[in-house]
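K.L.:
Here you go, one structure.
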Amino acid sequence: MLTTPPLVDIRNLKVTFTGGPKPICAINGVDLALDRGETLAILGESGSGKSVTLRAMLRLNPEKRTKIDGAITVGGKNVLTLGPKELQAFRGRDVSMIFQEPALALDPVYTLGHQIAETIVKHDGGSWADAKKRALDLFERVRIPSPERRLDNYPHEMSGGMRQRAMIALALACNPKVLLADEPTTALDATVQIQILLLIRELQREFGIAVIFVTHDIGVAVEVADRVAVMYGGRIVETGPIRDILRSPRHPYTIGLLKSRAHDAMTKGTRLDAIPGSPPDLANLPPGCSFAPRCKLALPACSEATPEPVAVGGGHEARCFRTDATAPAAA
Amino acid sequence: MLVYLGKRLVYTIPIVIGVSVVCFGLVHIAPGDPLVSVLPPDASEELKMQMMRAYGFDRPYYEQFLLWCWRALQGDLGVSIATGRSVASEVLRAVKNTLLLSFVATLIGFFFGLLFGFVAGYFRNSPIDKIASILSVIGVSVPHYWLGMVLVIIFSVQLNWLPPTGAGPGGSADWQPDWAHFRHLILPAITMSVIPMGIVARTIRALVADILSQDFVPALRAKGLSELGIFGHVVKNAAPTALAVMGLQLGYLLGGSILIETVFSWPGTGFLLNAAIFQRDLPLLQGTILVLALFFVLLNLIVDVIQTAIDPRIQRS
């Protein structure tokens with residue numbers, strides 16, 4: 001049987017930060033696959049390893065203080081063995097990234113036009129004049145009003161939403177195959193958030209790129225994603241099509257996460273369901289399932305061995321020994 | 001940009017007026033009678049009054065001030081009480097020497113300061129950073145007149161390689177671009193360069209470390225820039241602050257080199273100022289301070305304008 005390999009293939013990724021007194025195990029065996037044109041949302045709280053996973057894909061974590069194991073393949077390229085020159089050519093062209101806070105992720109002393117043109121010249125060569133023309137075209141694509149004038153603006157002269165549009169234009173400058181979005185709407189107003197999400201979804205369809213979208217907001221994930229991967233303690237605890245996860249979550253953490261959302265129909269005075277306890281200490285991970293200490297359904301076995309992903313149908317998997325207990329009928 | 005330049009020029013006018021008031025006033029507040037040093041101790045009252053009138057010291061202060069300003073605008077800073085020579089020409093000659101010394105010193109100081117600062121900032125907590133930091137701390141904290149004397153002892157007295165004093169052979173105060181004169185420049189310039197080197201290195205190290213920790217650096221890496229390309233971004237981000245520090249340092253060196261110029265008998269403004277103070281030579285003192293202060297104002301103006309040209313955020317605020 002011949003199947004095309006996925007565009008992004010991450011196998012047993014482990015990232016350990018060795019800079020401090022104790023090694024911090026930020027990622028503990030992540031497997032991810034992403035096809036062309038697919039959008040995956042990585043959902044998780046802070047410290048769950050979602051941003052580290054993204055950064056590892058571009059090898060942005062400080063090399064000296066980071067140990068990366070496993071394999072990351074993008075479009076047939078083994079990211080972890082790329083030489084310095086190949087890595088530069090890979091970053092921004094094969095895979096590009098949008099950051100959480102565009103005000104901080106854009107260089108304050110260069111115009112936006114310059115920053116976009118710089119990327120184009122770096123990857124595709126050609127003259128600055130041509131690169132500026134392409135930058136103008138990109139500004140039109142991300143629907144920045146009066147794009148010609150805006151190209152000569154500095155980041156501080158634009159609003160948050162406009163800055164994020166510019167950041168998206170920058171990320172799309174060299175037609176990447178994969179776009180990584182690290183909480184791109186977290187720093188924005190709610191009304192601007194939805195515009196940016198719609199824009200990303202639209203451009204994703206138009207350019208046919210694969211998007212990995214990191215967020216802690218389920219509402220955002222629903223808006224953009226085909227598939228969701230829920231991360232906890234540096235592992236993907238549950239993954240599957242967004243509809244399945246929303247309708248019948250099978251991992252106790254996902255269940256807790258969905259319950260802890262404020263529903264619009266909540267009556268005044270009702271308590272919000274929160275998950276008791278706090279996230280695991282990544283320098284001192286418990287053996288077994290890292291969610292077990294906070295889990296209502298935990299058995300003694302949960303603290304002894306790490307559960308393997310259990311397929312529950314339709315590409316939906318959960319790393320839990322108790323998937324029987326969380327099955328729709330039982331829940 | 002032109003509007004900003006114009007505004008900034010207009011702002012310098014009240015500064016210049018304030019500077020001249022302070023220059024004039026400070027000298028008169030200082031105790032001591034300028035004429036005591038030139039008159040014989042047994043001079044008659046009549047002679048004293050005559051001298052007072054000749055220098056205009058008998059008139060009210062505001063009149064003296066306005067007259068002084070009016071003349072200064074025409075390039076006439078009065079006549080030195082001690083030597084009887086024109087203050088303007090004395091100051092001009094001293095300024096030339098000081099400019100030469102401080103430019104060479106800042107060139108050396110900024111070069112090594114920038115080098116140490118960037119290296120230390122880039123390789124924080126590495127052995128290279130430690131060495132660069134130690135050198136720059138020594139640069140900031142060593143008393144430079146002491147360093148000057150030590151250098152004189154080593155290179156002039158012990159090794160007899162370089163002349164210890166003066167701006168040229170035979171005590172010449174006019175500098176010529178040849179080796180005989182250049183030899184005289186080496187020791188004072190090195191001594192003087194140590195201060196800006198230390199301060200620039202410390203500032204740049206902190207600045208570079210701060211810039212490298214900002215989010216846009218991984219973002220630049222993420223779009224595929226080479227480390228050299230990122231270095232270019234770091235330099236442009238560091239430039240406004242670095243320039244401000246360097247401009248201030250140059251300003252301090254222009255006026256604050258009294259100790260070094262005295263140690264090396266370098267015929268510059270510091271040396272002149274020193275002589276003027278001890279001789280109570282009011283016109284010379286006022287003239288020298290005014291010229292130095294105006295240099296400082298000019299330097300700040302230049303730094304401001306360059307900063308604004310580099311960093312778009314400054315113009316707004």
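Ordering of the structure tokens sets the chain letters (A, B, ...), residue numbers begin anew at 1 in every chain, and ligands are numbered from 1 in the order given.
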Using only C-alpha atoms, tabulate the residues of chain A lying at most 9 Å from any atom of chain B, each with its closest atom pair and that distance in Å to one decimal, by chain and increasing residue number, as CSV.

P.N.:
```
residue,atom,partner,partner_atom,distance
A:Arg55,CA,B:Ala222,CA,8.9
A:Leu58,CA,B:Ala222,CA,6.7
A:Arg59,CA,B:Ala222,CA,8.6
A:Leu60,CA,B:Pro218,CA,6.4
A:Asn61,CA,B:Pro218,CA,8.6
A:Pro84,CA,B:Ser226,CA,8.6
A:Lys85,CA,B:Ser226,CA,8.1
A:Leu87,CA,B:Gly224,CA,7.5
A:Gln88,CA,B:Gly224,CA,4.4
A:Ala89,CA,B:Gly224,CA,6.0
A:Phe90,CA,B:Gly224,CA,7.0
A:Arg91,CA,B:Gly224,CA,4.6
A:Gly92,CA,B:Lys223,CA,4.0
A:Arg93,CA,B:Lys223,CA,7.6
A:Val95,CA,B:Ala222,CA,8.4
A:Ser96,CA,B:Lys223,CA,6.3
A:Met97,CA,B:Ala222,CA,6.6
A:Ile98,CA,B:Ala219,CA,8.3
A:Phe99,CA,B:Ala219,CA,7.5
A:Glu101,CA,B:Asp215,CA,8.4
A:Pro102,CA,B:Phe216,CA,8.7
A:Ala103,CA,B:Phe216,CA,8.8
A:Leu104,CA,B:Asp215,CA,5.5
A:Ala105,CA,B:Phe216,CA,3.9
A:Leu106,CA,B:Phe216,CA,5.3
A:Asp107,CA,B:Phe216,CA,5.7
A:Pro108,CA,B:Asn237,CA,7.8
A:Val109,CA,B:Asp311,CA,5.5
A:Tyr110,CA,B:Pro312,CA,8.4
A:Glu118,CA,B:Leu225,CA,8.6
A:Thr119,CA,B:Lys223,CA,6.4
A:Lys122,CA,B:Leu225,CA,7.1
A:His123,CA,B:Gly224,CA,7.8
A:Tyr154,CA,B:Pro312,CA,7.3
A:His156,CA,B:Arg313,CA,7.3
A:Glu157,CA,B:Arg313,CA,8.7
A:Leu170,CA,B:Lys223,CA,8.3
A:Ala171,CA,B:Lys223,CA,7.3
```

K.L.:
Excluding same-chain residues fewer than 6 positions from segment 281-291 of chain A, what lies within 12 Å of it counting only C-alpha atoms, as a PyMOL selection string?

P.N.:
chain A and resi 15-28+46-49+231-237+251-254+256+275+297-309+318-322

K.L.:
Between A:Ala325, A:Val178, A:Leu138, A:Val52, which residue has the minimum interatomic distance to Asp9 of chain A, considering only C-alpha atoms?

P.N.:
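Looking at the shortest contact to Asp9 of chain A, the residue is A:Val178.
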
K.L.:
Considering only C-alpha atoms, state which residue in the set B:Ile81, B:Ala209, B:Val152, B:Val200 is at the smallest distance from Tyr122 of chain B.

P.N.:
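Closest candidate: B:Ala209.
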
K.L.:
Hey, can you check how far atom CA of Pro328 of chain A sits from atom CA of Asp217 of chain A?

P.N.:
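Atom CA of Asp217 of chain A lies 23.5 Å from atom CA of Pro328 of chain A.
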
K.L.:
Measuring between only C-alpha atoms, which one of A:Asp94, A:Glu45, A:Glu317, A:Glu223 shows the shortest distance to Ile200 of chain A?

P.N.:
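Comparing A:Asp94, A:Glu45, A:Glu317, A:Glu223 against Ile200 of chain A, the winner is A:Glu223.
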
K.L.:
Report, in Å to a single decimal, how far apart atom CA of Gly232 of chain B and atom CA of Glu148 of chain A are.

P.N.:
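It comes out at 25.6 Å.
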